[in-house]
Structures are given as C-alpha cells and as structure tokens.
Amino acid sequence: MPSRPLPSVAVPPQVGPVVGARRGGAVVALLALGAVGVAQVATAAVLPALTRQLGLADWQAGAVTSLSAAVVVLSSPWWGRRADRRGPRPVLLAAVLAGALGAGVVAAVLAAGPAHAGWAWALLLLARGLGIGAAVAAAGPATQVVLVARSRTQAERVGWIARAGAVRGLATAVGAGLAAALAGLGTATPVLATVVLLAGAVVVVIAAGGRLGGAGAAVGAPVADDRPRADRLGGLAVPGVRAAVVASVAVFLALALVQGSVGFLVQDRYDLGPARATALTGGLLLAAGVGSMLTQGLLVPRLRWAPWRLVRVGSALALGALVVYLAPVPAAVLVGVAAVFGAAVGGAAAGCTSAASVAVGPGSQGDVAGLVNAGNAATFVLGPLLATSAYGLRPEAPAVLAVLAGAVALAAAARSGR
C-alpha cells in the first residue's frame, strides 16, 4: 500500500520566480549531467576500434578505461566539496569544459590515424582517462547540490535525485546509440557529435547564471547534521552517510557482478553461438537499463517514499530477481527477470543517494554526493574482475556473490532510519 506523502519541511512557502528559477537550474544541471554521460559512453564505445586502428595493445585500451574510473573514485569527493564551498555552477562548468576538451582530443587522435600512434596513447590517457574521468567525477556531485537546492520537501529531493539517475541511464543509451548510428560516417563522427553536445552544455551553464545557486544554497533542506567536521572523514563521519554509502556500494556491486558475467552465462546455459549470445546479452542489458530508467524517472517521484524504504524494497526485489536468475529458466523469462532486477536496482540506488543526502545539511551535499559517486565507481573497477574470476570457479558464483551484496544492502537499510 503506498505510503502517505512525506511531510513538507517547515520553511516558508516560495512561489513564483524563485521556484521557477530553481526548476530552471535543475533542468540545466540535468542537461549538463546528461551531456557528460553521453560523452563518457560514446568515447568508451569507440576506444576498442581506435586502439586497433592505431596498432596499440588491448591492455592499453584497458589502461585508459581504468584510469578514467580511478579518477572518478579518487576525485569525486574533492569536486563535491568544491561544489559545497564555491557553489555548483563553477564545478558544473568545469565538468562540461573538461568533457568537451577530452572528447575533442579523442576525436583529433581518431582523425590523425596511425601516423601519430606514438603520441596517441599518452593523449588518450590525458583526454579519455583524466579529462572525461574528471568531468564524470565533477558533474554528479554538482548536479546533486543544484537538485537539493531546488527541493522544498524530502519527497521532492528523492524525486529529483531519482531523475538524475534516470538521466544517467538515458545518457548511456544515447551515447551507445550515437556510436552505433554515426560510426558508419567515420569513427570520429560520434565523438565529434558529443563535442558539439558538450559545447552546447557549456553555453547553457554559462547562461544559467544565478539559477544554479550559490555555495551551500540548499533551500528547505531537512538538516540532520550540518556541524563543521575537522576530521578527514568528511561526510563519512555521519552514521547515516556511512550506512548509505555501504548500501549503495553493495547495490552497485551486485549490478556489476551480474553485468560482468551474464554474457558468459547465457552462452553456457543456453548453448548459444557468439551471434545469438551477443544478441541475448544485449537484450538483457537493455531490459535492465529500461527498467532502471523507468523506475527512477517515473515511479520513484510518484511513490514519494522515504529513502530507506526505497532501499529496502529495491534490495528485496533485487534479491528475488537474483534467485530466479540462478535457476535454469527459459531465455524469455530471463529477459523479464532482467527488467525487474534493473528496476529494483534503480529504486534502491535512488534511495541510497537520497539517504546520504538527507543525513546532512545543505552545506555538505556535494561532499556526500561525491562519496556515493566514488563508491559506485569503485564497484565498476572491482566488479568485472571479481565476476570473471568467480565465473571461472563456478558459473553460479557471480550471482551468488551478487545475492550476498544485495543482502548487505538490505541489512544496512533494515538497520537505518525509516
């Protein structure tokens, strides 16, 4: 039975131009977040072909991707604190500029071809590894600072944070679609398209001005703990933030374990050749992505549930889907399971991020968003390696590990808040 809407925060109601400005700022921030996400995916999609074109080793492409992930893990909290202290606008501007510059250099390396292969890897490490990694690390926390400032109730905050997750999912689909649709015109074409998109985002962020808010400008944010913290833990000094980060890492680790092994599982379980296995794997990943996007973009804002309730329900549904995933069900059933699993992960992820957000006051939103962003990124460094290693031991092992990760998220939610 749906819960009652969460009570409004006790602040004077604000209507008219102020609320409109906040809504406009939220849209601008989400556009910037989406543009960075499109660039991240589109450049990743062309990287394997680019390394072969340049005569680079496969491990060199892996090093570029790993460096990008490491930059997100290591720098997200720093960017979040910058957004708290300086305001989200300069951090968002830095994100779209870094993304545009990084994608532009990748396109230039593609256009130059094998003639400059000696410099290509170093340029890719700087552009795709550092540049786009920094853009992804900065965009998420800065966007959350804007969205929290736009929210006047906890329910609004949860809804906007869920929409940010949906935008990330949409950006993944758009980035992959650009790579597939435009690669026939030249390998550099999809990357150039992302440069144009990011250049437009730069203009929009600059034009937004004060609508993106100032430092610590969350309006009507429920303050649970906004005390200055001298220790180096930052947001992790707050118990609610620690619990939310643990739950979020567990949820995303479960997702990474499944994504990293499902392509092998369908080949072995259904005795499929490479072409049919690739098609089924793509269909499963698409079903999970659509389920996550619809849940975060449409269902969560309408449910108006408290953050930890989203984590509990989402984790429980994910565990149920994983149990079915372990069984030798028909392929058609597995597609439905993937959709349910994606929806469950999307809801739980929105709940984890929102739980961290409501555990602190307006001056620490970027800090906790950066911590969650870093933790989630770390799972996609560890998850694929863990998934493939576990699959080599037993085909069911990655899913069993995913069940354990989901149980950790559910336990964290069961022990935390309402």
# chains A, B, ... in the order shown; residues from 1 in each chain; ligands from 1
call {"tool": "residues_around", "arguments": {"residues": "Val106 in chain A", "least_positions_apart": "3", "cutoff": "7 Å", "atoms": "only C-alpha atoms", "output": "MDAnalysis selection string"}}
result
chainID A and resid 102:103 109:110 124 127:128
call {"tool": "select_by_dssp", "arguments": {"residues": "range 110-332 of chain A", "states": "helix (DSSP H, G or I)", "output": "ChimeraX atom specification"}}
result
/A:110-150,154-185,189-212,234-237,239-270,274-303,307-326,331-332
call {"tool": "residues_around", "arguments": {"residues": "Val41 in chain A", "least_positions_apart": "3", "cutoff": "7 Å", "atoms": "only C-alpha atoms", "output": "list in words"}}
result
Gly37, Val38, Ala44, Ala45, Thr172, Gly175 and Ala176 of chain A
call {"tool": "residues_around", "arguments": {"residues": "range 308-322 of chain A", "least_positions_apart": "4", "cutoff": "7 Å", "atoms": "only C-alpha atoms", "output": "JSON, numbers by chain"}}
result
{"A": [326, 337, 340, 341, 344, 345, 347, 348, 351, 352, 355, 399, 403, 406, 409, 410, 413, 414, 417, 418]}
call {"tool": "write_last_selection", "arguments": {"atoms": "N, CA and C atoms", "output": "PDB file, in the first residue's frame"}}
result
ATOM      1  N   LEU A 326      19.400 -17.355 -10.898  1.00  0.00           N
ATOM      2  CA  LEU A 326      20.228 -18.534 -10.644  1.00  0.00           C
ATOM      3  C   LEU A 326      19.594 -19.816 -11.184  1.00  0.00           C
ATOM      4  N   VAL A 337      13.178 -11.127 -15.938  1.00  0.00           N
ATOM      5  CA  VAL A 337      13.945 -11.052 -14.701  1.00  0.00           C
ATOM      6  C   VAL A 337      14.916  -9.876 -14.752  1.00  0.00           C
ATOM      7  N   VAL A 340      13.059  -6.642 -14.107  1.00  0.00           N
ATOM      8  CA  VAL A 340      12.742  -6.478 -12.684  1.00  0.00           C
ATOM      9  C   VAL A 340      13.999  -6.129 -11.892  1.00  0.00           C
ATOM     10  N   PHE A 341      15.101  -6.809 -12.194  1.00  0.00           N
ATOM     11  CA  PHE A 341      16.363  -6.537 -11.499  1.00  0.00           C
ATOM     12  C   PHE A 341      16.807  -5.101 -11.740  1.00  0.00           C
ATOM     13  N   ALA A 344      14.608  -2.772  -9.764  1.00  0.00           N
ATOM     14  CA  ALA A 344      14.915  -2.850  -8.336  1.00  0.00           C
ATOM     15  C   ALA A 344      16.202  -2.112  -8.001  1.00  0.00           C
ATOM     16  N   VAL A 345      17.231  -2.295  -8.829  1.00  0.00           N
ATOM     17  CA  VAL A 345      18.497  -1.596  -8.608  1.00  0.00           C
ATOM     18  C   VAL A 345      18.308  -0.089  -8.745  1.00  0.00           C
ATOM     19  N   GLY A 347      15.578   1.708  -8.147  1.00  0.00           N
ATOM     20  CA  GLY A 347      14.911   2.228  -6.961  1.00  0.00           C
ATOM     21  C   GLY A 347      15.814   2.247  -5.744  1.00  0.00           C
ATOM     22  N   ALA A 348      16.570   1.156  -5.550  1.00  0.00           N
ATOM     23  CA  ALA A 348      17.475   1.095  -4.403  1.00  0.00           C
ATOM     24  C   ALA A 348      18.574   2.139  -4.511  1.00  0.00           C
ATOM     25  N   GLY A 351      17.303   5.464  -3.572  1.00  0.00           N
ATOM     26  CA  GLY A 351      17.132   5.522  -2.130  1.00  0.00           C
ATOM     27  C   GLY A 351      18.442   5.722  -1.388  1.00  0.00           C
ATOM     28  N   CYS A 352      19.499   5.030  -1.827  1.00  0.00           N
ATOM     29  CA  CYS A 352      20.809   5.168  -1.171  1.00  0.00           C
ATOM     30  C   CYS A 352      21.329   6.596  -1.288  1.00  0.00           C
ATOM     31  N   ALA A 355      19.260   8.851   0.862  1.00  0.00           N
ATOM     32  CA  ALA A 355      19.509   8.643   2.291  1.00  0.00           C
ATOM     33  C   ALA A 355      20.771   9.363   2.740  1.00  0.00           C
ATOM     34  N   ALA A 399      26.537 -14.716  -9.443  1.00  0.00           N
ATOM     35  CA  ALA A 399      25.178 -14.425  -8.979  1.00  0.00           C
ATOM     36  C   ALA A 399      25.057 -14.644  -7.477  1.00  0.00           C
ATOM     37  N   VAL A 403      23.965 -11.930  -4.731  1.00  0.00           N
ATOM     38  CA  VAL A 403      22.954 -12.126  -3.685  1.00  0.00           C
ATOM     39  C   VAL A 403      23.496 -11.659  -2.335  1.00  0.00           C
ATOM     40  N   GLY A 406      23.508  -7.907  -2.306  1.00  0.00           N
ATOM     41  CA  GLY A 406      22.151  -7.408  -2.090  1.00  0.00           C
ATOM     42  C   GLY A 406      21.694  -7.567  -0.657  1.00  0.00           C
ATOM     43  N   ALA A 409      23.071  -4.737   1.386  1.00  0.00           N
ATOM     44  CA  ALA A 409      22.280  -3.510   1.204  1.00  0.00           C
ATOM     45  C   ALA A 409      20.986  -3.576   1.997  1.00  0.00           C
ATOM     46  N   LEU A 410      20.328  -4.735   1.966  1.00  0.00           N
ATOM     47  CA  LEU A 410      19.071  -4.884   2.697  1.00  0.00           C
ATOM     48  C   LEU A 410      19.299  -4.788   4.196  1.00  0.00           C
ATOM     49  N   ALA A 413      19.823  -1.189   5.147  1.00  0.00           N
ATOM     50  CA  ALA A 413      18.556  -0.459   5.152  1.00  0.00           C
ATOM     51  C   ALA A 413      17.696  -0.844   6.343  1.00  0.00           C
ATOM     52  N   ALA A 414      17.732  -2.120   6.726  1.00  0.00           N
ATOM     53  CA  ALA A 414      16.919  -2.577   7.844  1.00  0.00           C
ATOM     54  C   ALA A 414      17.366  -1.933   9.160  1.00  0.00           C
ATOM     55  N   GLY A 417      17.159   4.175   9.856  1.00  0.00           N
ATOM     56  CA  GLY A 417      16.016   5.070   9.636  1.00  0.00           C
ATOM     57  C   GLY A 417      14.731   4.383   9.230  1.00  0.00           C
ATOM     58  N   ARG A 418      13.795   5.221   8.872  1.00  0.00           N
ATOM     59  CA  ARG A 418      12.513   4.725   8.384  1.00  0.00           C
ATOM     60  C   ARG A 418      12.434   4.948   6.892  1.00  0.00           C
TER      61      ARG A 418
END
call {"tool": "atom_distance", "arguments": {"atom1": "CA of Val290 in chain A", "atom2": "CA of Ala98 in chain A"}}
result
28.7 Å
call {"tool": "closest_residue", "arguments": {"among": "A:Trp121, A:Tyr270, A:Trp79, A:Phe380", "to": "Val105 in chain A", "atoms": "only C-alpha atoms"}}
result
A:Trp121
call {"tool": "closest_residue", "arguments": {"among": "A:Thr187, A:Ile161, A:Val251, A:Ala378", "to": "Pro48 in chain A", "atoms": "only C-alpha atoms"}}
result
A:Thr187
call {"tool": "closest_residue", "arguments": {"among": "A:Val203, A:Ala134, A:Ala42, A:Leu285", "to": "Ala183 in chain A", "atoms": "only C-alpha atoms"}}
result
A:Ala42
call {"tool": "residues_around", "arguments": {"residues": "range 82-96 of chain A", "least_positions_apart": "5", "cutoff": "9 Å", "atoms": "only C-alpha atoms", "output": "MDAnalysis selection string"}}
result
chainID A and resid 29 32:33 35:36 77 101 131:132 134:146 198:199 201:202 205:206 208:217 362:367
call {"tool": "atom_distance", "arguments": {"atom1": "CA of Gly24 in chain A", "atom2": "CA of Leu147 in chain A"}}
result
10.4 Å
call {"tool": "residues_around", "arguments": {"residues": "Ala49 in chain A", "least_positions_apart": "4", "cutoff": "12 Å", "atoms": "only C-alpha atoms", "output": "PDB file with C-alpha atoms, in the first residue's frame"}}
result
ATOM      1  CA  THR A  43      34.162   7.617 -26.251  1.00  0.00           C
ATOM      2  CA  ALA A  44      34.196   4.235 -24.488  1.00  0.00           C
ATOM      3  CA  ALA A  45      32.369   2.686 -27.450  1.00  0.00           C
ATOM      4  CA  GLN A  53      43.376   1.324 -35.720  1.00  0.00           C
ATOM      5  CA  LEU A  54      46.426   2.812 -34.047  1.00  0.00           C
ATOM      6  CA  GLY A  55      48.149  -0.523 -33.545  1.00  0.00           C
ATOM      7  CA  LEU A  56      48.015  -0.282 -29.741  1.00  0.00           C
ATOM      8  CA  ALA A  57      47.772  -3.318 -27.484  1.00  0.00           C
ATOM      9  CA  ASP A  58      44.424  -4.237 -25.985  1.00  0.00           C
ATOM     10  CA  ALA A  61      42.789   0.492 -24.053  1.00  0.00           C
ATOM     11  CA  LEU A 110      40.991   9.421 -34.370  1.00  0.00           C
ATOM     12  CA  GLY A 113      45.206   7.986 -37.503  1.00  0.00           C
ATOM     13  CA  ALA A 179      28.263   5.332 -31.609  1.00  0.00           C
ATOM     14  CA  ALA A 183      30.237   5.195 -36.790  1.00  0.00           C
ATOM     15  CA  GLY A 186      33.745   7.660 -39.676  1.00  0.00           C
ATOM     16  CA  THR A 187      34.975   6.531 -36.285  1.00  0.00           C
ATOM     17  CA  ALA A 188      35.499  10.118 -35.179  1.00  0.00           C
TER      18      ALA A 188
END
call {"tool": "residues_around", "arguments": {"residues": "Ala377 in chain A", "least_positions_apart": "4", "cutoff": "12 Å", "atoms": "only C-alpha atoms", "output": "VMD selection string"}}
result
chain A and resid 65 to 77 133 136 to 137 140 245 248 to 253 255 to 256 370 to 373 381 to 384
call {"tool": "write_last_selection", "arguments": {"atoms": "N, CA, C and O atoms", "output": "compact mmCIF listing (two decimals), in the first residue's frame"}}
result
# COMPACT_ATOMS: atom_id res chain seq x y z
N THR A 65 40.63 3.11 -19.79
CA THR A 65 39.36 2.98 -19.09
C THR A 65 39.56 2.91 -17.58
O THR A 65 38.82 3.53 -16.81
N SER A 66 40.58 2.16 -17.16
CA SER A 66 40.84 2.03 -15.72
C SER A 66 41.25 3.36 -15.11
O SER A 66 40.86 3.69 -13.99
N LEU A 67 42.07 4.13 -15.84
CA LEU A 67 42.47 5.44 -15.34
C LEU A 67 41.26 6.35 -15.17
O LEU A 67 41.14 7.06 -14.16
N SER A 68 40.36 6.32 -16.12
CA SER A 68 39.15 7.14 -16.03
C SER A 68 38.34 6.78 -14.80
O SER A 68 37.88 7.66 -14.05
N ALA A 69 38.17 5.47 -14.56
CA ALA A 69 37.42 5.03 -13.38
C ALA A 69 38.13 5.44 -12.09
O ALA A 69 37.50 5.87 -11.12
N ALA A 70 39.46 5.32 -12.09
CA ALA A 70 40.22 5.70 -10.90
C ALA A 70 40.09 7.19 -10.60
O ALA A 70 40.01 7.60 -9.44
N VAL A 71 40.07 8.01 -11.65
CA VAL A 71 39.90 9.45 -11.47
C VAL A 71 38.55 9.74 -10.83
O VAL A 71 38.44 10.59 -9.93
N VAL A 72 37.51 9.04 -11.27
CA VAL A 72 36.17 9.23 -10.67
C VAL A 72 36.19 8.85 -9.19
O VAL A 72 35.69 9.59 -8.34
N VAL A 73 36.80 7.72 -8.88
CA VAL A 73 36.83 7.25 -7.49
C VAL A 73 37.59 8.23 -6.61
O VAL A 73 37.15 8.59 -5.51
N LEU A 74 38.75 8.69 -7.09
CA LEU A 74 39.63 9.49 -6.25
C LEU A 74 39.23 10.96 -6.15
O LEU A 74 39.49 11.61 -5.14
N SER A 75 38.61 11.50 -7.20
CA SER A 75 38.38 12.95 -7.21
C SER A 75 36.93 13.35 -6.96
O SER A 75 36.66 14.53 -6.72
N SER A 76 35.98 12.43 -6.99
CA SER A 76 34.57 12.81 -6.78
C SER A 76 34.34 13.54 -5.46
O SER A 76 33.67 14.58 -5.42
N PRO A 77 34.89 13.03 -4.34
CA PRO A 77 34.68 13.77 -3.07
C PRO A 77 35.27 15.17 -3.12
O PRO A 77 34.68 16.11 -2.55
N GLY A 133 37.24 11.48 -17.21
CA GLY A 133 37.09 10.99 -15.83
C GLY A 133 36.79 12.12 -14.87
O GLY A 133 35.90 12.00 -14.02
N VAL A 136 33.13 13.36 -15.34
CA VAL A 136 32.14 12.49 -14.69
C VAL A 136 32.19 12.68 -13.17
O VAL A 136 31.15 12.74 -12.49
N ALA A 137 33.40 12.80 -12.62
CA ALA A 137 33.55 12.97 -11.17
C ALA A 137 32.93 14.26 -10.69
O ALA A 137 32.38 14.32 -9.58
N GLY A 140 28.33 14.79 -11.29
CA GLY A 140 27.35 14.19 -10.39
C GLY A 140 27.16 14.96 -9.09
O GLY A 140 26.03 15.34 -8.75
N VAL A 245 26.35 4.88 2.03
CA VAL A 245 27.46 4.54 1.13
C VAL A 245 27.65 3.03 1.07
O VAL A 245 27.85 2.45 0.00
N SER A 248 24.84 1.60 -1.00
CA SER A 248 24.98 1.93 -2.41
C SER A 248 26.07 1.10 -3.07
O SER A 248 25.90 0.58 -4.18
N VAL A 249 27.20 0.97 -2.39
CA VAL A 249 28.29 0.14 -2.93
C VAL A 249 27.82 -1.31 -3.10
O VAL A 249 28.10 -1.96 -4.11
N ALA A 250 27.07 -1.81 -2.13
CA ALA A 250 26.56 -3.18 -2.23
C ALA A 250 25.61 -3.35 -3.41
O ALA A 250 25.70 -4.33 -4.17
N VAL A 251 24.70 -2.39 -3.61
CA VAL A 251 23.76 -2.45 -4.73
C VAL A 251 24.49 -2.42 -6.06
O VAL A 251 24.23 -3.24 -6.96
N PHE A 252 25.43 -1.51 -6.21
CA PHE A 252 26.13 -1.38 -7.48
C PHE A 252 27.12 -2.54 -7.70
O PHE A 252 27.39 -2.90 -8.84
N LEU A 253 27.64 -3.11 -6.63
CA LEU A 253 28.49 -4.29 -6.79
C LEU A 253 27.67 -5.47 -7.31
O LEU A 253 28.13 -6.23 -8.18
N LEU A 255 25.06 -5.24 -9.19
CA LEU A 255 24.83 -4.94 -10.60
C LEU A 255 26.07 -5.26 -11.44
O LEU A 255 25.98 -5.88 -12.51
N ALA A 256 27.24 -4.83 -10.97
CA ALA A 256 28.48 -5.05 -11.73
C ALA A 256 28.80 -6.54 -11.85
O ALA A 256 29.30 -6.99 -12.89
N GLY A 370 29.68 13.24 -3.61
CA GLY A 370 30.97 12.78 -4.12
C GLY A 370 31.37 11.45 -3.54
O GLY A 370 31.93 10.59 -4.23
N LEU A 371 31.08 11.23 -2.25
CA LEU A 371 31.39 9.95 -1.63
C LEU A 371 30.60 8.81 -2.26
O LEU A 371 31.15 7.73 -2.55
N VAL A 372 29.31 9.03 -2.48
CA VAL A 372 28.48 8.00 -3.11
C VAL A 372 28.96 7.75 -4.54
O VAL A 372 29.07 6.60 -4.99
N ASN A 373 29.25 8.83 -5.27
CA ASN A 373 29.73 8.71 -6.64
C ASN A 373 31.02 7.89 -6.70
O ASN A 373 31.19 7.02 -7.56
N VAL A 381 35.12 -0.89 -11.11
CA VAL A 381 36.52 -1.28 -11.26
C VAL A 381 36.70 -2.71 -10.74
O VAL A 381 37.30 -3.57 -11.40
N LEU A 382 36.15 -2.99 -9.56
CA LEU A 382 36.30 -4.29 -8.92
C LEU A 382 35.35 -5.34 -9.50
O LEU A 382 35.73 -6.50 -9.69
N GLY A 383 34.10 -4.93 -9.80
CA GLY A 383 33.06 -5.89 -10.17
C GLY A 383 33.39 -6.78 -11.35
O GLY A 383 33.28 -8.02 -11.25
N PRO A 384 33.79 -6.24 -12.52
CA PRO A 384 34.08 -7.11 -13.66
C PRO A 384 35.20 -8.12 -13.39
O PRO A 384 35.10 -9.28 -13.80
call {"tool": "atom_distance", "arguments": {"atom1": "CA of Leu47 in chain A", "atom2": "CA of Gly34 in chain A"}}
result
20.1 Å
